[in-house]
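J.: Please read through the structure below; I'll follow up with questions.
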Amino acid sequence: MGQAHCRFFYDRLYNFKGTGKPDPTMKRSTLVTLRSQCPKNSKTDSAVYFSPGYGSNYTFSNTFYGKVLAHESVLRVDQQLSYGADTNELVNEFAQSLEQFRRAFTLSINRMGGLKVLTGKNGEIRRDCKFTNKNNPNL
């Protein structure tokens with residue numbers, strides 16, 4: 001259900017943690033595919049689908065969790081879900097059962113509906129989720 005631009009995971013492909021090598025936890029076939037979509041020293045910042053087999057036709061499923069278990073995550077933050085004791089347990093549970101995932105997702109969406117969202121001049125739509133617009137060095 002989505003895409004990421006190469007700049008958000010480029011380091012995993014070419015210079016993981018400053019080593020000059022790719023992220024060793026990434027499945028080799030995923031690395032090869034992503035490198036073909038995000039070539040080294042490219043002048044463009046292509047968008048890559050999280051689930052390339054589905055492309056823009058992706059439907060709601062638990063496929064994401066299977067990709068995490070198979071070390072096929074595009075984003076490092078997603079792959080890290082398999083490393084924590086609590087999160088790994090959830091990843092395994094959701095990968096095995098679409099129904100469990102749907103129940104947990106529904107509960108989460110319900111809870112988020114109760115949040116007091118800031119609107120108008122009190123809130124903002126961030127151009128980069130890592131920074132408030134006021135503190136974004138790229139704006």
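Every chain in the structure tokens takes a letter, A first, then B, and so on in the order presented; its residues are numbered from 1, and the ligands are numbered from 1 following the presented order.
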Can I get the residues of stretch 61-111 of chain A within 8 Å of stretch 19-28 of chain A, each with the closest pair of atoms and their distance in Å to one decimal, using only C-alpha atoms, sorted chain first then ascending number, as CSV?
T.:
```
residue,atom,partner,partner_atom,distance
A:Ala70,CA,A:Lys27,CA,7.3
A:His71,CA,A:Met26,CA,5.3
A:Glu72,CA,A:Lys27,CA,5.8
A:Ser73,CA,A:Met26,CA,7.4
```
J.: Could those selected residues go to a file with all heavy atoms, as a compact mmCIF listing (two decimals), in the first residue's frame?
T.:
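Done, and the output landed in again_38.txt:
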```txt
# COMPACT_ATOMS: atom_id res chain seq x y z
N ALA A 70 10.67 -12.23 5.46
CA ALA A 70 11.55 -12.70 4.39
C ALA A 70 12.72 -11.75 4.13
O ALA A 70 13.48 -11.96 3.20
CB ALA A 70 10.74 -12.88 3.10
N HIS A 71 12.84 -10.70 4.94
CA HIS A 71 13.89 -9.69 4.79
C HIS A 71 13.81 -8.98 3.44
O HIS A 71 14.82 -8.72 2.80
CB HIS A 71 15.29 -10.30 5.01
CG HIS A 71 15.46 -10.83 6.40
ND1 HIS A 71 15.83 -10.02 7.45
CD2 HIS A 71 15.28 -12.06 6.91
CE1 HIS A 71 15.88 -10.75 8.55
NE2 HIS A 71 15.54 -11.98 8.25
N GLU A 72 12.59 -8.65 3.05
CA GLU A 72 12.33 -7.98 1.78
C GLU A 72 11.76 -6.57 1.98
O GLU A 72 11.19 -6.00 1.05
CB GLU A 72 11.35 -8.81 0.94
CG GLU A 72 11.90 -10.16 0.55
CD GLU A 72 10.89 -11.03 -0.16
OE1 GLU A 72 9.68 -10.73 -0.12
OE2 GLU A 72 11.30 -12.03 -0.77
N SER A 73 11.88 -6.03 3.16
CA SER A 73 11.36 -4.68 3.42
C SER A 73 12.19 -3.64 2.70
O SER A 73 13.42 -3.72 2.67
CB SER A 73 11.38 -4.37 4.92
OG SER A 73 10.55 -5.25 5.61
```
J.: Which residues, written as a VMD selection string, have at least one atom at most 12 Å from A:Phe94, with only C-alpha atoms counted and residues fewer than 3 positions away on the same chain left out?
T.: chain A and resid 61 to 69 81 to 82 87 to 91 97 to 105
J.: If we count only C-alpha atoms, what is near stretch 45-55 of chain A at a cut-off of 9 Å, once residues fewer than 6 positions away on the same chain are taken out, given as an MDAnalysis selection string?
T.: chainID A and resid 1:7 34 37:38 63:64 67 73:75
J.: Write the residues of the preceding selection, restricted to all heavy atoms, as a compact mmCIF listing (two decimals), in the first residue's frame.
T.:
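Below is the file selection28.txt, written as the result:
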```
# COMPACT_ATOMS: atom_id res chain seq x y z
N MET A 1 0.84 -1.17 0.00
CA MET A 1 0.00 0.00 0.00
C MET A 1 0.88 1.23 0.00
O MET A 1 0.91 1.94 0.97
CB MET A 1 -0.86 0.02 1.26
CG MET A 1 -2.28 -0.27 0.99
SD MET A 1 -3.26 0.44 2.27
CE MET A 1 -4.17 -0.94 2.75
N GLY A 2 1.65 1.43 -1.01
CA GLY A 2 2.41 2.65 -1.04
C GLY A 2 3.74 2.54 -1.72
O GLY A 2 4.10 1.49 -2.26
N GLN A 3 4.42 3.66 -1.65
CA GLN A 3 5.71 3.80 -2.30
C GLN A 3 6.65 4.58 -1.40
O GLN A 3 6.22 5.26 -0.48
CB GLN A 3 5.57 4.59 -3.60
CG GLN A 3 4.62 4.04 -4.60
CD GLN A 3 4.48 4.97 -5.79
OE1 GLN A 3 4.46 6.18 -5.65
NE2 GLN A 3 4.38 4.40 -6.98
N ALA A 4 7.92 4.49 -1.73
CA ALA A 4 8.94 5.32 -1.08
C ALA A 4 9.90 5.78 -2.16
O ALA A 4 10.21 5.02 -3.09
CB ALA A 4 9.69 4.55 -0.01
N HIS A 5 10.36 6.99 -2.04
CA HIS A 5 11.38 7.49 -2.97
C HIS A 5 12.74 6.92 -2.56
O HIS A 5 13.01 6.69 -1.38
CB HIS A 5 11.41 9.02 -2.96
CG HIS A 5 10.27 9.61 -3.72
ND1 HIS A 5 10.36 9.92 -5.05
CD2 HIS A 5 9.01 9.91 -3.35
CE1 HIS A 5 9.21 10.40 -5.46
NE2 HIS A 5 8.37 10.40 -4.45
N CYS A 6 13.57 6.71 -3.55
CA CYS A 6 14.88 6.08 -3.34
C CYS A 6 15.70 6.77 -2.24
O CYS A 6 16.40 6.10 -1.48
CB CYS A 6 15.67 6.08 -4.64
SG CYS A 6 14.93 5.04 -5.94
N ARG A 7 15.59 8.07 -2.14
CA ARG A 7 16.41 8.80 -1.17
C ARG A 7 16.16 8.35 0.28
O ARG A 7 17.01 8.52 1.14
CB ARG A 7 16.20 10.30 -1.30
CG ARG A 7 14.86 10.80 -0.82
CD ARG A 7 14.76 12.34 -0.91
NE ARG A 7 13.48 12.82 -0.49
CZ ARG A 7 12.45 13.08 -1.31
NH1 ARG A 7 12.59 12.93 -2.61
NH2 ARG A 7 11.32 13.52 -0.84
N LEU A 34 15.96 -3.52 -6.07
CA LEU A 34 15.93 -2.11 -5.65
C LEU A 34 17.07 -1.32 -6.27
O LEU A 34 16.90 -0.16 -6.64
CB LEU A 34 15.94 -2.00 -4.13
CG LEU A 34 14.67 -2.48 -3.43
CD1 LEU A 34 14.85 -2.48 -1.92
CD2 LEU A 34 13.48 -1.64 -3.84
N GLN A 37 16.18 -0.19 -9.65
CA GLN A 37 15.21 0.90 -9.64
C GLN A 37 15.81 2.20 -9.10
O GLN A 37 15.30 3.27 -9.38
CB GLN A 37 13.99 0.51 -8.81
CG GLN A 37 13.22 -0.65 -9.42
CD GLN A 37 12.11 -1.14 -8.51
OE1 GLN A 37 12.35 -1.49 -7.35
NE2 GLN A 37 10.91 -1.16 -9.03
N CYS A 38 16.85 2.07 -8.32
CA CYS A 38 17.52 3.22 -7.71
C CYS A 38 19.03 3.11 -7.97
O CYS A 38 19.81 2.80 -7.07
CB CYS A 38 17.26 3.24 -6.20
SG CYS A 38 15.54 3.25 -5.73
N THR A 63 0.38 -9.02 3.52
CA THR A 63 1.60 -9.27 2.74
C THR A 63 2.81 -8.57 3.33
O THR A 63 3.91 -9.12 3.33
CB THR A 63 1.39 -8.80 1.28
OG1 THR A 63 0.26 -9.47 0.76
CG2 THR A 63 2.59 -9.08 0.43
N PHE A 64 2.62 -7.36 3.83
CA PHE A 64 3.71 -6.57 4.42
C PHE A 64 4.49 -7.40 5.44
O PHE A 64 5.72 -7.42 5.45
CB PHE A 64 3.12 -5.32 5.08
CG PHE A 64 4.07 -4.60 5.98
CD1 PHE A 64 4.99 -3.70 5.47
CD2 PHE A 64 4.05 -4.81 7.35
CE1 PHE A 64 5.87 -3.03 6.31
CE2 PHE A 64 4.92 -4.15 8.19
CZ PHE A 64 5.83 -3.26 7.67
N LYS A 67 6.74 -10.01 4.02
CA LYS A 67 7.93 -9.40 3.44
C LYS A 67 8.94 -9.06 4.54
O LYS A 67 10.14 -9.20 4.34
CB LYS A 67 7.56 -8.16 2.62
CG LYS A 67 6.80 -8.54 1.34
CD LYS A 67 6.42 -7.34 0.54
CE LYS A 67 7.50 -6.86 -0.35
NZ LYS A 67 8.12 -7.78 -1.26
N SER A 73 11.88 -6.03 3.16
CA SER A 73 11.36 -4.68 3.42
C SER A 73 12.19 -3.64 2.70
O SER A 73 13.42 -3.72 2.67
CB SER A 73 11.38 -4.37 4.92
OG SER A 73 10.55 -5.25 5.61
N VAL A 74 11.51 -2.65 2.15
CA VAL A 74 12.20 -1.55 1.48
C VAL A 74 12.82 -0.62 2.52
O VAL A 74 13.99 -0.27 2.45
CB VAL A 74 11.22 -0.78 0.56
CG1 VAL A 74 11.88 0.47 -0.01
CG2 VAL A 74 10.71 -1.68 -0.56
N LEU A 75 12.03 -0.25 3.51
CA LEU A 75 12.49 0.70 4.54
C LEU A 75 13.09 -0.03 5.73
O LEU A 75 12.56 -1.05 6.20
CB LEU A 75 11.33 1.57 5.02
CG LEU A 75 10.64 2.40 3.94
CD1 LEU A 75 9.43 3.13 4.53
CD2 LEU A 75 11.60 3.39 3.31
```
J.: Using the chain letters and numbers from this document, which residues of chain A does DSSP assign to helix (DSSP H, G or I), as a PyMOL selection string?
T.: chain A and resi 6-8+10-14+16-18+28-37+55-57+63-69+76-82+85-96+98-112+120-122+133-135
J.: Which residues of stretch 68-110 of chain A come within 12 Å of stretch 115-133 of chain A, and what is each one's closest atom pair and distance in Å (one decimal), counting only C-alpha atoms, sorted by chain and residue number, as a tab-separated table?
T.:
```
residue	atom	partner	partner_atom	distance
A:Ser108	CA	A:Leu115	CA	11.2
A:Ile109	CA	A:Leu115	CA	10.3
A:Asn110	CA	A:Leu115	CA	9.6
```
J.: Atom CA of A:Arg35 and atom CA of A:Asn15 are how many Å apart?
T.: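 It comes out at 12.2 Å.
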